[in-house]
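Here the structure is laid out as structure tokens; the discussion comes afterwards.
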Amino acid sequence: MCGIFGYVGPRTNGAELVLEGLKALEYRGYDSWGVAAVPLSFRPPSRNPKDKKWIPGQARDDKKTIIVKKKTGKIGGASVADIPASSLALGHTRWATHGGVTQVNAHPHADCSGSIALVHNGIFENYEEIKRALLKKGHRFISETDTEVAVHLIEEYAKKLAFPKAVRRAFMEMKGFNAIIAMRADKQEFVVARNGSPLVVGFGKGENFLASDPAALLPHTKNVHFLEDGEMAIVSPDNVRIIEAKTGHAVSVRIQTLTWSAGQAEKGNYSFFMLKEIYEQPGVIKMITKTGAAQADKLARTVRSSYGTYMVGCGTAAYAGIAGSYLFSKIAHRHVNCAIGSEFGYALDFLGPKSLVIALSQSGETMDLLEGVKKAKTKGARVIALVNVFGSSLYRLSDEPILIGAGPEKAVASTKAFVGILSHLVLLSFALAGEAKKGQKLLHQAAKSVDDVLGEASVKRLKALAAALKDTDHIYVIGRGLSYPASLETALKIKEISYIHAEGMAAGELKHGPLALVTQGTPCIAFLPNDETYGANLAGAMEMGARGGMIVGISYKPHEIFDHFIPVLDAGEATIIPNVVVGQLLAYYLTIEKGLDPDMPRNLAKSVTVK
Ligand code: M6R
């Protein structure tokens with residue numbers, strides 16, 4: 001849950017390149033940030049024996065420390081103009097785990113001498129015992145982080161071992177899921193190791209890059225190597241060596257080509273990524289309608305030949321899984337089990353080689369999901385990933401990856417990836433029912449309906465609703481059937497970015513407890529699509545209205561009990577898609593009304609790579 005970016009090569013604006021890379025990665029963590037750079041004077045300029053002043057393995061002048069600049073808060077308009085010219089630089093955006101959000105706790109961290117710097121993603125589980133041993137050896141610590149222990153451990157081993165070996169030895173001692181990048185003042189190279197947390201090497205011409213997310217590499221290169229768990233890399237301007245961390249044996253470089261373009265990962269004319277991504281949704285649905293049918297057919301065959309299908313995901317992706325279970329049941333008359341990624345590992349003892357796991361994820365890096373999927377694989381289950389990021393950990397872990405095809409999603413709140421997953425699941429359900437064409441037709445209608453929700457009149461209504469609700473403390477959202485996951489998702493979007501407490505629930509559950517919370521003026525949102533749930537859900541809305549609730553009806557037709565009516569054109573079983581877009585826009589405008597940043601909500605990060 002952090003962004004990492006590194007540059008090594010002939011350019012001398014290393015710190016600036018890293019800062020730009022960090023800006024592109026900030027959605028991965030934005031408590032604090034830092035850049036470390038080796039000033040050019042430290043760099044061994046050549047291996048030319050005539051260069052008498054430089055003794056290999058030593059810094060070239062007295063100032064042996066790497067320059068480190070760290071700040072709390074978001075990067076915003078920060079500059080690194082005060083960092084000297086550098087051709088080896090490394091940076092990090094933090095999502096705090098060990099130690100509060102302070103400048104000292106921000107990465108990069110340095111060793112006692114200041115000549116080794118390191119950034120880290122993950123949790124170094126046994127850091128305390130190692131720290132105690134290092135303290136006895138005289139190491140001085142200034143932060144509360146687990147990360148700082150790693151750099152001192154490397155320093156300790158580097159007293160006797162070559163730097164890559166010292167990093168390797170230290171890394172092998174680190175328990176937990178970690179990725180580290182270390183650099184030393186006197187060597188123009190990075191030493192990188194990965195176990196669990198994502199890291200990608202980007203290949204340039206006479207220069208190389210490192211990033212925790214391939215999208216950040218797009219302005220520089222599309223040729224990448226995704227480090228696997230247990231792999232290390234030694235990265236210099238003109239060479240990348242991959243080795244197995246356990247044995248030190250060389251591993252061949254596997255260059256893959258990224259398919260996204262740099263422009264896709266930019267905000268363009270939108271004020272926030274979230275709004276851009278919301279407006280990209282009709283295009284995403286149309287594209288999946290066109291290109292997803294063949295995949296859906298193939299996947300339908302796999303589902304048919306499996307004994308038990310499980311959909312697993314976290315957060316928004318888990319809600320997509322719940323929606324999938326209704327779609328499977330309703331359209332294909334098939335049962336599917338849904339699980340939350342973090343719980344899946346505790347409930348999969350009955351999986352076997354004929355089981356099928358469909359893992360849903362935007363990033364493909366969600367640790368809770370990856371852990372469950374790995375366990376399912378040990379049981380012999382087949383894993384299909386419906387994932388948005390090419391080359392991500394889930395993509396590589398699965399037996400068969402299917403790309404969602406939503407393009408880069410950068411706002412922390414997932415929107416188009418969710419709608420993308422739903423679109424694939426609609427196609428899959430109809431393919432299973434042998435009615436693929438009908439699925440495509442409904443998706444066409446859904447795209448039209450989303451266009452309508454995003455139109456001027458609808459946005460005006462949603463803005464007015466947001467203005468009316470912005471000072472409320474609680475919002476309740478109800479639905480039945482496919483509108484139940486729509487309610488959960490709407491509530492998640494609202495709480496995640498506007499910080500208003502919102503609860504999504506199955507409307508039938510109201511009278512089993514939550515109705516006690518409804519008093520005069522309590523905002524209650526009800527999804528009332530044109531399906532078999534309409535009557536019963538309307539009854540729920542009426543029960544809330546009778547207790548003074550302020551009723552927001554999201555429906556294909558008005559009703560007298562609605563205090564606010566948000567029309568949504570019917571798209572059959574795919575109506576969940578425009579319904580959810582209403583929830584996304586409402587959450588967005590509530591956030592704007594409150595003067596908050598929808599792209600980077602407090603305490604969260606886009607890619608949840610820790611447990
Ligand atoms: O990358 P993933 O789809 O695996 O992420 C799962 C959740 O962390 C994610 O959906 C989260 O709930 C979003 N911030 C919700 O908007």
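Chain lettering (A, B, ...) mirrors the order of the structure tokens, residue numbering begins at 1 for each chain separately, and ligand numbering begins at 1 in order of display.
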
Close residues, A:Met183 itself excluded, 8 Å, only C-alpha atoms, min 3 positions apart in chain, as a PDB file with all heavy atoms, in the first residue's frame:
```
ATOM      1  N   ILE A 116      23.371   4.141   2.582  1.00  0.00           N
ATOM      2  CA  ILE A 116      22.430   3.159   2.017  1.00  0.00           C
ATOM      3  C   ILE A 116      21.029   3.715   2.245  1.00  0.00           C
ATOM      4  O   ILE A 116      20.715   4.189   3.342  1.00  0.00           O
ATOM      5  CB  ILE A 116      22.537   1.778   2.705  1.00  0.00           C
ATOM      6  CG1 ILE A 116      23.962   1.220   2.615  1.00  0.00           C
ATOM      7  CG2 ILE A 116      21.539   0.795   2.101  1.00  0.00           C
ATOM      8  CD1 ILE A 116      24.166  -0.094   3.369  1.00  0.00           C
ATOM      9  N   ALA A 117      20.210   3.681   1.210  1.00  0.00           N
ATOM     10  CA  ALA A 117      18.811   4.118   1.363  1.00  0.00           C
ATOM     11  C   ALA A 117      17.907   2.993   0.895  1.00  0.00           C
ATOM     12  O   ALA A 117      18.284   2.210   0.008  1.00  0.00           O
ATOM     13  CB  ALA A 117      18.547   5.379   0.561  1.00  0.00           C
ATOM     14  N   LEU A 118      16.716   2.934   1.487  1.00  0.00           N
ATOM     15  CA  LEU A 118      15.817   1.827   1.174  1.00  0.00           C
ATOM     16  C   LEU A 118      14.358   2.277   1.243  1.00  0.00           C
ATOM     17  O   LEU A 118      13.988   3.092   2.086  1.00  0.00           O
ATOM     18  CB  LEU A 118      16.069   0.712   2.204  1.00  0.00           C
ATOM     19  CG  LEU A 118      15.164  -0.515   2.142  1.00  0.00           C
ATOM     20  CD1 LEU A 118      15.992  -1.796   2.207  1.00  0.00           C
ATOM     21  CD2 LEU A 118      14.175  -0.524   3.285  1.00  0.00           C
ATOM     22  N   LYS A 187      27.457   3.049  -5.782  1.00  0.00           N
ATOM     23  CA  LYS A 187      27.173   2.106  -6.874  1.00  0.00           C
ATOM     24  C   LYS A 187      25.981   2.605  -7.654  1.00  0.00           C
ATOM     25  O   LYS A 187      24.949   2.923  -7.054  1.00  0.00           O
ATOM     26  CB  LYS A 187      26.793   0.746  -6.280  1.00  0.00           C
ATOM     27  CG  LYS A 187      27.947  -0.109  -5.918  1.00  0.00           C
ATOM     28  CD  LYS A 187      28.279  -0.974  -7.096  1.00  0.00           C
ATOM     29  CE  LYS A 187      29.351  -1.987  -6.741  1.00  0.00           C
ATOM     30  NZ  LYS A 187      29.818  -2.665  -7.941  1.00  0.00           N
ATOM     31  N   GLN A 188      26.082   2.644  -8.956  1.00  0.00           N
ATOM     32  CA  GLN A 188      24.918   3.105  -9.712  1.00  0.00           C
ATOM     33  C   GLN A 188      24.018   1.915 -10.027  1.00  0.00           C
ATOM     34  O   GLN A 188      23.887   1.492 -11.181  1.00  0.00           O
ATOM     35  CB  GLN A 188      25.330   3.845 -10.983  1.00  0.00           C
ATOM     36  CG  GLN A 188      24.223   4.804 -11.399  1.00  0.00           C
ATOM     37  CD  GLN A 188      24.418   5.377 -12.780  1.00  0.00           C
ATOM     38  OE1 GLN A 188      25.362   5.030 -13.465  1.00  0.00           O
ATOM     39  NE2 GLN A 188      23.521   6.246 -13.198  1.00  0.00           N
ATOM     40  N   GLU A 189      23.394   1.404  -8.981  1.00  0.00           N
ATOM     41  CA  GLU A 189      22.489   0.272  -9.179  1.00  0.00           C
ATOM     42  C   GLU A 189      21.495   0.166  -8.026  1.00  0.00           C
ATOM     43  O   GLU A 189      21.750   0.656  -6.922  1.00  0.00           O
ATOM     44  CB  GLU A 189      23.269  -1.036  -9.321  1.00  0.00           C
ATOM     45  CG  GLU A 189      23.902  -1.504  -8.046  1.00  0.00           C
ATOM     46  CD  GLU A 189      24.724  -2.794  -8.178  1.00  0.00           C
ATOM     47  OE1 GLU A 189      25.073  -3.178  -9.303  1.00  0.00           O
ATOM     48  OE2 GLU A 189      25.015  -3.385  -7.130  1.00  0.00           O
ATOM     49  N   PHE A 190      20.386  -0.469  -8.335  1.00  0.00           N
ATOM     50  CA  PHE A 190      19.418  -0.812  -7.291  1.00  0.00           C
ATOM     51  C   PHE A 190      19.502  -2.304  -7.042  1.00  0.00           C
ATOM     52  O   PHE A 190      19.722  -3.083  -7.980  1.00  0.00           O
ATOM     53  CB  PHE A 190      17.988  -0.539  -7.762  1.00  0.00           C
ATOM     54  CG  PHE A 190      17.657   0.911  -7.958  1.00  0.00           C
ATOM     55  CD1 PHE A 190      17.293   1.384  -9.209  1.00  0.00           C
ATOM     56  CD2 PHE A 190      17.682   1.791  -6.892  1.00  0.00           C
ATOM     57  CE1 PHE A 190      16.964   2.707  -9.405  1.00  0.00           C
ATOM     58  CE2 PHE A 190      17.351   3.127  -7.084  1.00  0.00           C
ATOM     59  CZ  PHE A 190      16.994   3.587  -8.336  1.00  0.00           C
ATOM     60  N   VAL A 191      19.270  -2.678  -5.795  1.00  0.00           N
ATOM     61  CA  VAL A 191      19.087  -4.098  -5.503  1.00  0.00           C
ATOM     62  C   VAL A 191      17.677  -4.233  -4.952  1.00  0.00           C
ATOM     63  O   VAL A 191      17.290  -3.537  -4.013  1.00  0.00           O
ATOM     64  CB  VAL A 191      20.138  -4.622  -4.503  1.00  0.00           C
ATOM     65  CG1 VAL A 191      19.940  -6.120  -4.298  1.00  0.00           C
ATOM     66  CG2 VAL A 191      21.536  -4.334  -5.010  1.00  0.00           C
TER      67      VAL A 191
END
```

Could you list, as a list in words, every residue within 9 Å of A:Leu454, counting only C-alpha atoms and ignoring same-chain residues fewer than 5 positions away? Ile278, Tyr279, Ser449, Val459, Val581, Val582 and Leu585 of chain A

Keeping only C-alpha atoms, write those residues as an mmCIF file, in the first residue's frame.
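Heads up, here's the output in out-v3.cif:
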```
data_model
loop_
_atom_site.group_PDB
_atom_site.id
_atom_site.type_symbol
_atom_site.label_atom_id
_atom_site.label_comp_id
_atom_site.auth_asym_id
_atom_site.auth_seq_id
_atom_site.Cartn_x
_atom_site.Cartn_y
_atom_site.Cartn_z
ATOM 1 C CA ILE A 278 -17.314 7.516 -13.945
ATOM 2 C CA TYR A 279 -17.747 9.138 -17.363
ATOM 3 C CA SER A 449 -29.192 4.111 -19.355
ATOM 4 C CA VAL A 459 -26.530 15.351 -12.891
ATOM 5 C CA VAL A 581 -23.665 4.785 -11.387
ATOM 6 C CA VAL A 582 -26.304 6.902 -9.609
ATOM 7 C CA LEU A 585 -22.302 10.199 -8.749
#
```

Once you count only C-alpha atoms and all ligand atoms, which residues end up within 9 Å of ligand 1, and could you hand them over as a ChimeraX atom specification? /A:313-319,341,359-370,387-389,411-415,417-418,489,492-493,496-497,604-608

Just the residues within 12 Å of A:Lys330, please, counting only C-alpha atoms, with nothing from its chain fewer than 6 positions along; format it as a JSON list (two decimals) with N, CA and C atoms, in the first residue's frame.
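After the write, result.json holds the following:
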```json
[["chain", "number", "residue", "atom", "x", "y", "z"],
["A", 323, "ALA", "N", -23.42, -9.65, -6.70],
["A", 323, "ALA", "CA", -24.28, -9.40, -7.87],
["A", 323, "ALA", "C", -24.21, -10.60, -8.81],
["A", 324, "GLY", "N", -23.01, -11.14, -8.98],
["A", 324, "GLY", "CA", -22.82, -12.31, -9.84],
["A", 324, "GLY", "C", -23.68, -13.47, -9.40],
["A", 336, "VAL", "N", -23.83, -20.12, -7.37],
["A", 336, "VAL", "CA", -22.43, -19.73, -7.22],
["A", 336, "VAL", "C", -22.23, -19.30, -5.78],
["A", 426, "VAL", "N", -22.68, -10.26, -16.53],
["A", 426, "VAL", "CA", -23.96, -10.31, -17.27],
["A", 426, "VAL", "C", -23.76, -11.20, -18.51],
["A", 429, "SER", "N", -23.42, -14.89, -17.50],
["A", 429, "SER", "CA", -24.68, -15.51, -17.08],
["A", 429, "SER", "C", -25.54, -15.85, -18.29],
["A", 430, "PHE", "N", -25.59, -14.93, -19.24],
["A", 430, "PHE", "CA", -26.40, -15.21, -20.44],
["A", 430, "PHE", "C", -25.74, -16.29, -21.30],
["A", 432, "LEU", "N", -24.08, -18.77, -20.15],
["A", 432, "LEU", "CA", -24.41, -20.02, -19.45],
["A", 432, "LEU", "C", -25.84, -20.47, -19.76],
["A", 433, "ALA", "N", -26.69, -19.48, -19.95],
["A", 433, "ALA", "CA", -28.10, -19.79, -20.25],
["A", 433, "ALA", "C", -28.30, -20.07, -21.74],
["A", 481, "GLY", "N", -32.70, -8.40, -4.04],
["A", 481, "GLY", "CA", -32.19, -9.05, -5.24],
["A", 481, "GLY", "C", -30.94, -8.34, -5.73],
["A", 482, "LEU", "N", -30.89, -8.06, -7.03],
["A", 482, "LEU", "CA", -29.70, -7.40, -7.58],
["A", 482, "LEU", "C", -29.50, -6.00, -7.00],
["A", 531, "ASP", "N", -38.36, -4.87, -11.63],
["A", 531, "ASP", "CA", -38.22, -6.33, -11.55],
["A", 531, "ASP", "C", -39.07, -6.86, -10.41],
["A", 532, "GLU", "N", -38.90, -8.12, -10.09],
["A", 532, "GLU", "CA", -39.78, -8.77, -9.10],
["A", 532, "GLU", "C", -39.61, -8.20, -7.69],
["A", 572, "GLY", "N", -33.38, -4.20, -17.85],
["A", 572, "GLY", "CA", -33.56, -5.59, -17.44],
["A", 572, "GLY", "C", -32.62, -5.94, -16.29],
["A", 573, "GLU", "N", -32.07, -7.16, -16.39],
["A", 573, "GLU", "CA", -31.17, -7.63, -15.31],
["A", 573, "GLU", "C", -29.90, -6.78, -15.23],
["A", 574, "ALA", "N", -29.61, -5.99, -16.27],
["A", 574, "ALA", "CA", -28.41, -5.15, -16.24],
["A", 574, "ALA", "C", -28.68, -3.78, -15.62]]
```

Measuring between only C-alpha atoms, which one of A:Gly345, A:Gly14, A:Tyr30, A:Val610 shows the shortest distance to A:Gly176?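 Among A:Gly345, A:Gly14, A:Tyr30, A:Val610, it is A:Val610 that comes nearest to A:Gly176.
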
Could you please write out, as a PyMOL selection string, every residue of stretch 86-329 of chain A that DSSP assigns to alpha helix (DSSP H)? chain A and resi 127-136+147-158+163-173+273-279+281-304+316-327

Can you tell me, as a list in words, what residues are no more than 7 Å from A:Gly122 when counting only C-alpha atoms, ignoring any on the same chain fewer than 2 positions away?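 Residues meeting the cut-off are His120, Phe124, Phe177, Asn178, Ala179, Ser197, Thr609 and Val610 of chain A.
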
Could you please take those selected residues and save N, CA, C and O atoms as a PDB file, in the first residue's frame?
```pdb
ATOM      1  N   HIS A 120      10.315   0.457   1.087  1.00  0.00           N
ATOM      2  CA  HIS A 120       9.737  -0.841   1.446  1.00  0.00           C
ATOM      3  C   HIS A 120       8.229  -0.784   1.292  1.00  0.00           C
ATOM      4  O   HIS A 120       7.609   0.214   1.610  1.00  0.00           O
ATOM      5  N   PHE A 124       7.192  -6.085   7.726  1.00  0.00           N
ATOM      6  CA  PHE A 124       8.366  -6.857   8.136  1.00  0.00           C
ATOM      7  C   PHE A 124       7.995  -7.418   9.511  1.00  0.00           C
ATOM      8  O   PHE A 124       8.150  -6.752  10.531  1.00  0.00           O
ATOM      9  N   PHE A 177       5.144 -10.395   3.983  1.00  0.00           N
ATOM     10  CA  PHE A 177       5.090 -10.092   2.552  1.00  0.00           C
ATOM     11  C   PHE A 177       5.727  -8.730   2.339  1.00  0.00           C
ATOM     12  O   PHE A 177       5.226  -7.726   2.841  1.00  0.00           O
ATOM     13  N   ASN A 178       6.818  -8.718   1.616  1.00  0.00           N
ATOM     14  CA  ASN A 178       7.590  -7.483   1.499  1.00  0.00           C
ATOM     15  C   ASN A 178       8.158  -7.282   0.109  1.00  0.00           C
ATOM     16  O   ASN A 178       8.426  -8.251  -0.596  1.00  0.00           O
ATOM     17  N   ALA A 179       8.351  -6.019  -0.239  1.00  0.00           N
ATOM     18  CA  ALA A 179       9.149  -5.686  -1.410  1.00  0.00           C
ATOM     19  C   ALA A 179      10.096  -4.581  -0.959  1.00  0.00           C
ATOM     20  O   ALA A 179       9.671  -3.652  -0.259  1.00  0.00           O
ATOM     21  N   SER A 197       4.647  -8.310  -2.252  1.00  0.00           N
ATOM     22  CA  SER A 197       4.247  -6.950  -2.646  1.00  0.00           C
ATOM     23  C   SER A 197       4.764  -6.655  -4.052  1.00  0.00           C
ATOM     24  O   SER A 197       5.885  -7.010  -4.377  1.00  0.00           O
ATOM     25  N   THR A 609      -2.205  -3.866  -0.383  1.00  0.00           N
ATOM     26  CA  THR A 609      -1.233  -4.952  -0.492  1.00  0.00           C
ATOM     27  C   THR A 609      -0.750  -5.468   0.858  1.00  0.00           C
ATOM     28  O   THR A 609       0.264  -6.150   0.924  1.00  0.00           O
ATOM     29  N   VAL A 610      -1.456  -5.093   1.936  1.00  0.00           N
ATOM     30  CA  VAL A 610      -1.128  -5.684   3.241  1.00  0.00           C
ATOM     31  C   VAL A 610      -2.370  -6.363   3.798  1.00  0.00           C
ATOM     32  O   VAL A 610      -3.489  -6.070   3.387  1.00  0.00           O
TER      33      VAL A 610
END
```

Atom CA of A:Ala182 and atom CA of A:Gly34, how far apart in Å?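 Going from atom CA of A:Gly34 over to atom CA of A:Ala182, I get 14.1 Å.
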
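Remark: for A:Arg480, the closest of the candidate residues A:Asn530, A:Thr145, A:Ser87, A:Thr309 is A:Asn530 (distances computed over only C-alpha atoms).
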
Near-A:Leu218 list (9 Å; only C-alpha atoms; drop same-chain fewer than 5 positions) as a PyMOL selection string: chain A and resi 202+258+260-263+265

Can you write just those residues out, all heavy atoms, as an mmCIF file, in the first residue's frame?
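Final output, part.cif:
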```cif
data_model
loop_
_atom_site.group_PDB
_atom_site.id
_atom_site.type_symbol
_atom_site.label_atom_id
_atom_site.label_comp_id
_atom_site.auth_asym_id
_atom_site.auth_seq_id
_atom_site.Cartn_x
_atom_site.Cartn_y
_atom_site.Cartn_z
ATOM 1 N N GLY A 202 11.126 -1.615 -15.331
ATOM 2 C CA GLY A 202 10.837 -1.065 -16.653
ATOM 3 C C GLY A 202 12.148 -0.870 -17.414
ATOM 4 O O GLY A 202 13.091 -0.287 -16.878
ATOM 5 N N LEU A 258 3.444 -3.685 -22.028
ATOM 6 C CA LEU A 258 2.215 -3.104 -21.468
ATOM 7 C C LEU A 258 1.300 -2.644 -22.603
ATOM 8 O O LEU A 258 1.778 -2.185 -23.639
ATOM 9 C CB LEU A 258 2.554 -1.916 -20.565
ATOM 10 C CG LEU A 258 3.466 -2.210 -19.364
ATOM 11 C CD1 LEU A 258 3.794 -0.929 -18.622
ATOM 12 C CD2 LEU A 258 2.798 -3.212 -18.418
ATOM 13 N N TRP A 260 -1.567 -0.506 -22.027
ATOM 14 C CA TRP A 260 -2.185 0.807 -21.816
ATOM 15 C C TRP A 260 -1.290 1.910 -22.382
ATOM 16 O O TRP A 260 -0.082 1.732 -22.521
ATOM 17 C CB TRP A 260 -2.384 1.060 -20.319
ATOM 18 C CG TRP A 260 -3.448 0.218 -19.702
ATOM 19 C CD1 TRP A 260 -4.427 -0.474 -20.357
ATOM 20 C CD2 TRP A 260 -3.625 -0.033 -18.300
ATOM 21 N NE1 TRP A 260 -5.217 -1.133 -19.440
ATOM 22 C CE2 TRP A 260 -4.760 -0.876 -18.176
ATOM 23 C CE3 TRP A 260 -2.978 0.375 -17.141
ATOM 24 C CZ2 TRP A 260 -5.232 -1.312 -16.945
ATOM 25 C CZ3 TRP A 260 -3.441 -0.061 -15.920
ATOM 26 C CH2 TRP A 260 -4.570 -0.896 -15.812
ATOM 27 N N SER A 261 -1.904 3.076 -22.651
ATOM 28 C CA SER A 261 -1.082 4.205 -23.099
ATOM 29 C C SER A 261 -0.960 5.207 -21.941
ATOM 30 O O SER A 261 -1.792 5.210 -21.026
ATOM 31 C CB SER A 261 -1.740 4.880 -24.296
ATOM 32 O OG SER A 261 -2.914 5.538 -23.863
ATOM 33 N N ALA A 262 0.065 6.044 -22.029
ATOM 34 C CA ALA A 262 0.293 7.008 -20.941
ATOM 35 C C ALA A 262 -0.917 7.936 -20.789
ATOM 36 O O ALA A 262 -1.323 8.271 -19.677
ATOM 37 C CB ALA A 262 1.551 7.805 -21.226
ATOM 38 N N GLY A 263 -1.525 8.331 -21.928
ATOM 39 C CA GLY A 263 -2.661 9.262 -21.891
ATOM 40 C C GLY A 263 -3.839 8.714 -21.104
ATOM 41 O O GLY A 263 -4.545 9.454 -20.420
ATOM 42 N N ALA A 265 -3.842 7.108 -18.488
ATOM 43 C CA ALA A 265 -3.637 7.210 -17.044
ATOM 44 C C ALA A 265 -3.607 8.663 -16.584
ATOM 45 O O ALA A 265 -3.218 8.960 -15.469
ATOM 46 C CB ALA A 265 -2.344 6.497 -16.664
#
```

Test item: residues at most 10 Å from A:Phe527, only C-alpha atoms, excluding those fewer than 3 positions along its chain, as a list in words: Val477, Ile478, Gly479, Arg480, Leu482, Ser483, Tyr484, Ala486, Ser487, Ala507, Asn530, Thr533, Tyr534, Asn537, Leu538, Ala541, Val552, Gly553, Ile554, Ser555, Tyr556, Ile566, Val568, Ile576, Asn579 and Val580 of chain A

Mind writing the picked residues with C-alpha atoms as a short mmCIF file (atom, residue, chain, number, x, y, z; two decimals), in the first residue's frame?
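Done, and the output landed in out-v8.cif:
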```cif
data_model
loop_
_atom_site.label_atom_id
_atom_site.label_comp_id
_atom_site.auth_asym_id
_atom_site.auth_seq_id
_atom_site.Cartn_x
_atom_site.Cartn_y
_atom_site.Cartn_z
CA VAL A 477 -29.62 2.40 1.36
CA ILE A 478 -31.99 -0.50 0.68
CA GLY A 479 -32.50 -2.97 -2.12
CA ARG A 480 -33.56 -6.52 -2.79
CA LEU A 482 -29.70 -7.40 -7.58
CA SER A 483 -30.39 -4.09 -5.85
CA TYR A 484 -29.01 -5.50 -2.61
CA ALA A 486 -26.22 -2.08 -5.50
CA SER A 487 -27.15 -0.82 -2.01
CA ALA A 507 -34.60 -4.18 2.50
CA ASN A 530 -38.60 -2.79 -12.86
CA THR A 533 -38.37 -6.85 -6.11
CA TYR A 534 -40.31 -3.64 -6.80
CA ASN A 537 -38.80 -2.95 -1.75
CA LEU A 538 -41.38 -0.19 -2.03
CA ALA A 541 -39.29 2.46 1.61
CA VAL A 552 -34.89 8.96 -2.26
CA GLY A 553 -36.33 6.67 -4.93
CA ILE A 554 -34.01 5.42 -7.67
CA SER A 555 -36.44 3.90 -10.11
CA TYR A 556 -37.83 3.68 -13.62
CA ILE A 566 -33.82 9.84 -9.57
CA VAL A 568 -33.12 5.33 -14.23
CA ILE A 576 -27.89 -2.74 -11.54
CA ASN A 579 -28.31 2.13 -10.57
CA VAL A 580 -24.80 1.86 -9.23
#
```

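Among the candidates A:Asp471, A:Glu543, A:Glu20, A:Asp563, the one nearest to A:Glu509 when counting only C-alpha atoms is A:Glu543.
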